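Only one structure is covered here, and it is reproduced in the block below.
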Amino acid sequence: MKKYDYSLMAPGPVNLHPEVRRLLSEPMIHHRTPEFDKILAETLNKIKLVFKTQEPVYLLTSTGSGGMEALLVNTLSPGENVLCLVSGKFGERWAQMAKTFGLNVEEMIIPWGEVVDLDILEKKLSEKNYTALLTQACETSTGVLHPIEGISKVLSRLEVKNQYRPLLMIDGITALGALPLPMDAWQIDGLVGGSQKAFMLPTGMSLLSFSKRAQERFETARIPRFYFDIRKEQKANAAGETYFSSNVALIKALNFVLSEMATKGIEVLFNENQRRADFTSELMSLLGLKSFAKIRSPSLTAIQMPEGIDGQKVRADLEKKFNITVMGGQDQAKGKIIRVGHMGYIQDHELLHFSEALYEVLQTHGMKLPLEKKELLGKLSHWLKNSL
C-alpha cells in the first residue's frame with residue numbers, strides 16, 4: 001500500500017476547506033475599516049443560522065476552552081451551586097474551571113463511554129437548587145453524545161413543579177455545526193463552539209451565545225472578568241466592531257463557510273457527518289471492532305482496540321506508515337481506543353485509505369481479521385456508492 005498525501009482525520013483540528021486555505025493566504029486587511037466592518041456584520045448575522053437562535057452570537061479570539069470560561073464568568077458568582085456532568089476529560093476540565101472561579105461544584109460522575117441517565121439526573125436536580133448545569137453535547141474524549149434535548153425536557157419538568165430551573169450551559173465545541181443543536185428550541189442558556197471543528201477553520205476562535213435569561217445575569221455575575229467580559233463585545237458589536245483586535249483572517253474564512261452552509265443547507269452537512277460516522281460503523285462491523293461510546297456522536301468515533309493491541313501504537317503506525325492522523329485515548333482510555341474524526345473536508349477516497357491502513361496496522365499488531373483486505377475494500381466501496 002502506498003503512502004498518500006497527508007490525511008487529517010482527528011476530532012479537531014480538521015481538514016480545511018480548500019477555499020478556506022485560499023482565503024487565509026490573502027493579504028491582511030485592518031480590523032477598523034469599512035471593508036472588515038461589512039464582513040463582520042455579515043458573519044454575525046449568518047452564524048445565528050447555525051446556533052438556531054435569535055440572540056446575538058459572539059466571536060472571541062480564543063480556543064474553545066476560552067469560550068467555556070466566558071459562559072461561566074458572565075453569568076455566575078462565587079459560591080453559587082453548579083452541577084457538572086463529568087463523563088470524560090472535557091467534563092473534568094469544565095468542573096475544574098468552575099472550581100477555580102469559586103463556584104460550589106458538584107460532579108455527577110458518568111462512566112467513560114456512557115451517557116447521562118436522565119432519571120438519575122432528574123432526581124438529583126429535584127433534591128437541590130443549582131444555578132447552572134454544565135455538560136458537553138459531545139464528550140470528545142470518548143465520542144459520547146449526550147441527550148441535550150432530553151436534559152432540557154428534564155429542566156422544563158422542574159419548572160412545572162415550581163422548582164428552580166438551572167441555566168443549561170453546553171460545551172458544543174465538537175457538536176455545533178456537525179449535528180442539530182437548536183439553542184432556542186431546546187432552551188439552551190449558554191452554547192459554545194470552536195472554529196477548528198465542524199467549521200473547517202484553524203484553531204483560534206470560539207463562538208458563543210447566551211439566552212435572554214442568561215443575559216440578565218451579565219450585570220449581577222461577580223466572577224472577575226476582563227478579556228471575556230461579554231458586555232464589552234455587546235457594545236462593540238452594536239457599533240459594527242469587535243472590542244479587542246479582530247481575528248480578521250478567521251472571521252473572513254468563517255464568513256465563507258457560513259455562506260456555504262446556507263447555500264448547501266446545514267442539514268445536508270449534518271447528513272454528511274452522519275454518513276462518515278455510519279461508514280465507520282460499517283468498517284468496525286466488518287473488522288469485528290466495537291465503539292467505545294454507548295451512544296455515538298456523528299462528530300467522531302472512538303474505536304475500541306482489541307485485547308492486547310495498544311491504541312497508541314496503532315495511532316503512531318497510522319501516522320508514520322500511512323500519513324494519517326487520528327487521535328488516541330486520554331487518561332483512563334489511553335491505549336484502549338483510537339478516535340477518528342468525521343468533521344471537516346474529508347473525501348470518500350480518504351475513508352477508503354484509512355480503512356486499508358487500519359486493516360494493515362491491526363494485522364501487523366497480531367489481530368486475526370475476519371476477511372481479506374480486498375473483500376473489505378470492495379464492501380466499503382459498495383457501501384459508499386449506495387449511501388450517496
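Chain identifiers are assigned as A, B, and so on, following the order in which chains appear in the C-alpha cells; residues are numbered from 1 within each chain, and ligands are numbered from 1 in order of appearance.
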
Considering only strand (DSSP E or B) as DSSP defines it on the backbone, what residues of segment 93-336 of chain A qualify? List them as a JSON list (two decimals) with N, CA and C atoms, in the first residue's frame.
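Saved as result04.json:
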[["chain", "number", "residue", "atom", "x", "y", "z"],
["A", 104, "ASN", "N", -19.45, 26.51, 43.76],
["A", 104, "ASN", "CA", -19.67, 25.30, 44.56],
["A", 104, "ASN", "C", -20.07, 24.18, 43.60],
["A", 105, "VAL", "N", -19.09, 23.41, 43.17],
["A", 105, "VAL", "CA", -19.28, 22.45, 42.08],
["A", 105, "VAL", "C", -19.56, 21.06, 42.63],
["A", 106, "GLU", "N", -20.64, 20.48, 42.16],
["A", 106, "GLU", "CA", -20.93, 19.07, 42.43],
["A", 106, "GLU", "C", -20.79, 18.33, 41.11],
["A", 107, "GLU", "N", -20.01, 17.27, 41.12],
["A", 107, "GLU", "CA", -19.78, 16.50, 39.90],
["A", 107, "GLU", "C", -20.69, 15.27, 39.88],
["A", 108, "MET", "N", -21.41, 15.12, 38.78],
["A", 108, "MET", "CA", -22.18, 13.89, 38.56],
["A", 108, "MET", "C", -21.32, 13.01, 37.66],
["A", 109, "ILE", "N", -20.70, 12.00, 38.26],
["A", 109, "ILE", "CA", -19.74, 11.17, 37.54],
["A", 109, "ILE", "C", -20.47, 10.12, 36.70],
["A", 132, "ALA", "N", -26.62, 26.52, 37.82],
["A", 132, "ALA", "CA", -26.30, 26.13, 36.45],
["A", 132, "ALA", "C", -26.01, 24.64, 36.36],
["A", 133, "LEU", "N", -26.30, 24.10, 35.19],
["A", 133, "LEU", "CA", -25.97, 22.72, 34.85],
["A", 133, "LEU", "C", -25.00, 22.78, 33.67],
["A", 134, "LEU", "N", -23.82, 22.19, 33.85],
["A", 134, "LEU", "CA", -22.78, 22.22, 32.82],
["A", 134, "LEU", "C", -22.63, 20.83, 32.21],
["A", 135, "THR", "N", -22.61, 20.77, 30.89],
["A", 135, "THR", "CA", -22.39, 19.48, 30.23],
["A", 135, "THR", "C", -21.82, 19.67, 28.84],
["A", 136, "GLN", "N", -21.17, 18.64, 28.34],
["A", 136, "GLN", "CA", -20.78, 18.58, 26.94],
["A", 136, "GLN", "C", -21.96, 18.05, 26.13],
["A", 138, "CYS", "N", -21.17, 16.72, 23.07],
["A", 138, "CYS", "CA", -20.36, 15.57, 22.68],
["A", 138, "CYS", "C", -19.10, 15.58, 23.54],
["A", 139, "GLU", "N", -18.86, 14.50, 24.26],
["A", 139, "GLU", "CA", -17.63, 14.38, 25.06],
["A", 139, "GLU", "C", -16.54, 13.85, 24.14],
["A", 144, "VAL", "N", -18.92, 10.14, 23.08],
["A", 144, "VAL", "CA", -20.30, 10.02, 23.57],
["A", 144, "VAL", "C", -21.12, 11.25, 23.18],
["A", 145, "LEU", "N", -22.35, 11.01, 22.77],
["A", 145, "LEU", "CA", -23.31, 12.09, 22.50],
["A", 145, "LEU", "C", -24.35, 12.10, 23.62],
["A", 167, "LEU", "N", -29.51, 27.26, 34.78],
["A", 167, "LEU", "CA", -29.03, 27.65, 33.46],
["A", 167, "LEU", "C", -28.41, 26.42, 32.80],
["A", 168, "LEU", "N", -28.81, 26.14, 31.58],
["A", 168, "LEU", "CA", -28.27, 24.99, 30.85],
["A", 168, "LEU", "C", -27.10, 25.48, 29.99],
["A", 169, "MET", "N", -25.89, 25.13, 30.41],
["A", 169, "MET", "CA", -24.67, 25.58, 29.73],
["A", 169, "MET", "C", -24.07, 24.40, 28.96],
["A", 170, "ILE", "N", -23.89, 24.57, 27.67],
["A", 170, "ILE", "CA", -23.47, 23.47, 26.81],
["A", 170, "ILE", "C", -22.12, 23.76, 26.15],
["A", 171, "ASP", "N", -21.18, 22.86, 26.38],
["A", 171, "ASP", "CA", -19.96, 22.82, 25.59],
["A", 171, "ASP", "C", -20.31, 22.07, 24.30],
["A", 176, "LEU", "N", -21.43, 21.66, 17.61],
["A", 176, "LEU", "CA", -22.05, 22.77, 16.89],
["A", 176, "LEU", "C", -21.59, 22.79, 15.43],
["A", 179, "LEU", "N", -24.04, 18.62, 14.06],
["A", 179, "LEU", "CA", -25.29, 17.91, 14.38],
["A", 179, "LEU", "C", -26.29, 18.92, 14.93],
["A", 190, "GLY", "N", -26.54, 28.81, 27.47],
["A", 190, "GLY", "CA", -25.20, 29.19, 27.03],
["A", 190, "GLY", "C", -24.65, 28.09, 26.15],
["A", 191, "LEU", "N", -24.15, 28.46, 24.97],
["A", 191, "LEU", "CA", -23.67, 27.47, 24.00],
["A", 191, "LEU", "C", -22.38, 27.97, 23.38],
["A", 192, "VAL", "N", -21.36, 27.11, 23.37],
["A", 192, "VAL", "CA", -20.08, 27.50, 22.79],
["A", 192, "VAL", "C", -19.64, 26.48, 21.75],
["A", 193, "GLY", "N", -19.06, 26.98, 20.66],
["A", 193, "GLY", "CA", -18.47, 26.14, 19.63],
["A", 193, "GLY", "C", -17.04, 26.57, 19.38],
["A", 194, "GLY", "N", -16.33, 25.80, 18.54],
["A", 194, "GLY", "CA", -14.93, 26.11, 18.24],
["A", 194, "GLY", "C", -14.67, 26.09, 16.75],
["A", 206, "SER", "N", -13.48, 31.04, 19.36],
["A", 206, "SER", "CA", -14.65, 30.42, 19.97],
["A", 206, "SER", "C", -15.88, 31.23, 19.58],
["A", 207, "LEU", "N", -17.00, 30.53, 19.45],
["A", 207, "LEU", "CA", -18.26, 31.14, 19.05],
["A", 207, "LEU", "C", -19.26, 30.84, 20.15],
["A", 208, "LEU", "N", -19.94, 31.85, 20.67],
["A", 208, "LEU", "CA", -20.83, 31.59, 21.79],
["A", 208, "LEU", "C", -22.03, 32.52, 21.80],
["A", 209, "SER", "N", -23.09, 32.03, 22.46],
["A", 209, "SER", "CA", -24.32, 32.81, 22.57],
["A", 209, "SER", "C", -24.98, 32.50, 23.90],
["A", 210, "PHE", "N", -25.80, 33.46, 24.35],
["A", 210, "PHE", "CA", -26.50, 33.36, 25.63],
["A", 210, "PHE", "C", -27.99, 33.59, 25.42],
["A", 290, "LYS", "N", -15.49, -2.64, 17.98],
["A", 290, "LYS", "CA", -16.63, -2.05, 18.68],
["A", 290, "LYS", "C", -16.39, -0.58, 18.99],
["A", 291, "SER", "N", -17.48, 0.15, 19.14],
["A", 291, "SER", "CA", -17.42, 1.54, 19.57],
["A", 291, "SER", "C", -17.24, 1.61, 21.08],
["A", 296, "ARG", "N", -23.12, 7.10, 20.19],
["A", 296, "ARG", "CA", -22.04, 7.79, 19.49],
["A", 296, "ARG", "C", -22.47, 9.12, 18.92],
["A", 300, "LEU", "N", -17.41, 12.16, 15.82],
["A", 300, "LEU", "CA", -16.24, 11.30, 15.90],
["A", 300, "LEU", "C", -16.64, 9.92, 16.39],
["A", 301, "THR", "N", -15.76, 8.97, 16.15],
["A", 301, "THR", "CA", -15.94, 7.61, 16.67],
["A", 301, "THR", "C", -14.71, 7.22, 17.47],
["A", 302, "ALA", "N", -14.94, 6.75, 18.69],
["A", 302, "ALA", "CA", -13.86, 6.17, 19.49],
["A", 302, "ALA", "C", -13.92, 4.66, 19.27],
["A", 303, "ILE", "N", -12.94, 4.15, 18.52],
["A", 303, "ILE", "CA", -12.90, 2.72, 18.19],
["A", 303, "ILE", "C", -12.13, 1.99, 19.29],
["A", 304, "GLN", "N", -12.79, 1.01, 19.88],
["A", 304, "GLN", "CA", -12.16, 0.24, 20.95],
["A", 304, "GLN", "C", -11.18, -0.77, 20.35],
["A", 324, "ILE", "N", -1.61, 9.30, 8.06],
["A", 324, "ILE", "CA", -2.97, 9.55, 8.54],
["A", 324, "ILE", "C", -2.90, 9.89, 10.02],
["A", 325, "THR", "N", -3.50, 11.01, 10.39],
["A", 325, "THR", "CA", -3.53, 11.39, 11.81],
["A", 325, "THR", "C", -4.92, 11.15, 12.38],
["A", 327, "MET", "N", -6.51, 10.38, 16.63],
["A", 327, "MET", "CA", -6.07, 10.61, 18.00],
["A", 327, "MET", "C", -6.26, 9.36, 18.84],
["A", 328, "GLY", "N", -5.44, 9.25, 19.88],
["A", 328, "GLY", "CA", -5.56, 8.13, 20.80],
["A", 328, "GLY", "C", -6.46, 8.47, 21.97]]

Contacts between segment 333-350 of chain A and segment 82-107 of chain A, please, where a residue of segment 82-107 of chain A counts if it comes within 12 Å (with only C-alpha atoms); show its shortest atom pair and distance in Å to one decimal, rows by chain and ascending number, as a tab-separated table.
residue	atom	partner	partner_atom	distance
A:Ser87	CA	A:Ala333	CA	11.9
A:Gly88	CA	A:Ala333	CA	9.4
A:Lys89	CA	A:Ala333	CA	9.8

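Ranking A:Ile120, A:Leu250, A:Met68, A:Leu351 by their shortest atom-to-atom distance to Leu384 of chain A, with only C-alpha atoms included, puts A:Leu351 first.
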
Let's see if you can do this: from backbone DSSP, list all alpha helix (DSSP H) residues in segment 241-371 of chain A, as an mmCIF file with C-alpha atoms, in the first residue's frame.
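Once written, selection_34.cif looks like this:
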data_model
loop_
_atom_site.group_PDB
_atom_site.id
_atom_site.type_symbol
_atom_site.label_atom_id
_atom_site.label_comp_id
_atom_site.auth_asym_id
_atom_site.auth_seq_id
_atom_site.Cartn_x
_atom_site.Cartn_y
_atom_site.Cartn_z
ATOM 1 C CA VAL A 248 -9.600 39.117 10.683
ATOM 2 C CA ALA A 249 -8.402 36.057 8.767
ATOM 3 C CA LEU A 250 -10.580 33.571 10.661
ATOM 4 C CA ILE A 251 -13.656 35.796 10.511
ATOM 5 C CA LYS A 252 -13.249 36.198 6.740
ATOM 6 C CA ALA A 253 -12.931 32.437 6.383
ATOM 7 C CA LEU A 254 -15.874 31.821 8.720
ATOM 8 C CA ASN A 255 -17.992 34.168 6.609
ATOM 9 C CA PHE A 256 -17.289 31.957 3.591
ATOM 10 C CA VAL A 257 -18.013 28.716 5.494
ATOM 11 C CA LEU A 258 -21.327 30.097 6.755
ATOM 12 C CA SER A 259 -22.294 31.066 3.197
ATOM 13 C CA GLU A 260 -21.520 27.508 2.105
ATOM 14 C CA MET A 261 -23.624 26.140 4.960
ATOM 15 C CA ALA A 262 -26.533 28.381 3.990
ATOM 16 C CA THR A 263 -26.271 27.547 0.279
ATOM 17 C CA LYS A 264 -25.843 23.818 0.742
ATOM 18 C CA ILE A 266 -26.899 22.879 7.170
ATOM 19 C CA GLU A 267 -28.974 19.692 7.353
ATOM 20 C CA VAL A 268 -27.014 18.421 4.332
ATOM 21 C CA LEU A 269 -23.793 18.996 6.265
ATOM 22 C CA PHE A 270 -25.258 17.187 9.273
ATOM 23 C CA ASN A 271 -26.053 14.274 6.961
ATOM 24 C CA GLU A 272 -22.508 14.253 5.570
ATOM 25 C CA ASN A 273 -21.068 13.956 9.074
ATOM 26 C CA GLN A 274 -23.562 11.206 9.863
ATOM 27 C CA ARG A 275 -22.656 9.382 6.642
ATOM 28 C CA ARG A 276 -18.970 9.344 7.605
ATOM 29 C CA ALA A 277 -19.918 8.132 11.085
ATOM 30 C CA ASP A 278 -22.091 5.399 9.540
ATOM 31 C CA PHE A 279 -19.224 4.424 7.252
ATOM 32 C CA THR A 280 -17.008 3.982 10.299
ATOM 33 C CA SER A 281 -19.709 1.827 11.895
ATOM 34 C CA GLU A 282 -19.690 -0.367 8.793
ATOM 35 C CA LEU A 283 -15.898 -0.565 8.915
ATOM 36 C CA MET A 284 -15.976 -1.602 12.584
ATOM 37 C CA SER A 285 -18.634 -4.209 11.898
ATOM 38 C CA LEU A 286 -16.654 -5.751 9.040
ATOM 39 C CA LEU A 287 -13.451 -5.865 11.102
ATOM 40 C CA GLY A 311 -4.158 2.047 20.575
ATOM 41 C CA GLN A 312 -1.229 4.440 20.983
ATOM 42 C CA LYS A 313 0.920 2.195 18.790
ATOM 43 C CA VAL A 314 -1.871 1.832 16.234
ATOM 44 C CA ARG A 315 -2.204 5.611 16.093
ATOM 45 C CA ALA A 316 1.562 6.043 15.703
ATOM 46 C CA ASP A 317 1.737 3.483 12.886
ATOM 47 C CA LEU A 318 -1.145 5.104 11.007
ATOM 48 C CA GLU A 319 0.752 8.378 11.060
ATOM 49 C CA LYS A 320 4.254 7.070 10.408
ATOM 50 C CA LYS A 321 3.450 4.477 7.755
ATOM 51 C CA PHE A 322 0.351 5.901 6.070
ATOM 52 C CA ASP A 348 -14.510 9.288 0.162
ATOM 53 C CA HIS A 349 -11.083 8.185 -1.046
ATOM 54 C CA GLU A 350 -9.681 9.222 2.351
ATOM 55 C CA LEU A 351 -12.208 6.991 4.100
ATOM 56 C CA LEU A 352 -11.091 4.036 1.992
ATOM 57 C CA HIS A 353 -7.425 4.896 2.508
ATOM 58 C CA PHE A 354 -7.963 4.980 6.270
ATOM 59 C CA SER A 355 -9.802 1.648 6.149
ATOM 60 C CA GLU A 356 -6.992 -0.027 4.223
ATOM 61 C CA ALA A 357 -4.372 1.464 6.528
ATOM 62 C CA LEU A 358 -6.219 0.406 9.681
ATOM 63 C CA TYR A 359 -6.570 -3.128 8.301
ATOM 64 C CA GLU A 360 -2.834 -3.387 7.674
ATOM 65 C CA VAL A 361 -1.853 -1.872 11.029
ATOM 66 C CA LEU A 362 -4.174 -4.140 13.012
ATOM 67 C CA GLN A 363 -2.910 -7.144 11.077
ATOM 68 C CA THR A 364 0.686 -6.132 11.842
#

Selected residue, from A:Gly150, A:Pro11, A:Pro56, A:Gly288, that lies nearest to Gln234 of chain A when counting only C-alpha atoms: A:Pro56

All residues 9 Å or closer to Gln54 of chain A, only C-alpha atoms, same chain fewer than 4 positions away omitted, as JSON, numbers by chain: {"A": [48, 49, 184, 211]}

Write the residues of the preceding selection, restricted to N, CA and C atoms, as a PDB file, in the first residue's frame.
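Ended up saving to again_16.pdb:
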ATOM      1  N   LYS A  48     -26.079  32.994  13.303  1.00  0.00           N
ATOM      2  CA  LYS A  48     -27.304  32.682  14.048  1.00  0.00           C
ATOM      3  C   LYS A  48     -28.024  31.471  13.458  1.00  0.00           C
ATOM      4  N   LEU A  49     -27.842  31.241  12.150  1.00  0.00           N
ATOM      5  CA  LEU A  49     -28.486  30.099  11.499  1.00  0.00           C
ATOM      6  C   LEU A  49     -27.938  28.777  12.021  1.00  0.00           C
ATOM      7  N   ASP A 184     -32.470  27.948  20.780  1.00  0.00           N
ATOM      8  CA  ASP A 184     -33.739  28.489  21.284  1.00  0.00           C
ATOM      9  C   ASP A 184     -34.762  27.383  21.532  1.00  0.00           C
ATOM     10  N   SER A 211     -28.801  32.859  26.159  1.00  0.00           N
ATOM     11  CA  SER A 211     -30.244  33.102  26.139  1.00  0.00           C
ATOM     12  C   SER A 211     -30.543  34.443  26.808  1.00  0.00           C
TER      13      SER A 211
END

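Rounded to one decimal, atom CA of Ser156 of chain A and atom CA of Leu121 of chain A lie 12.9 Å from each other.
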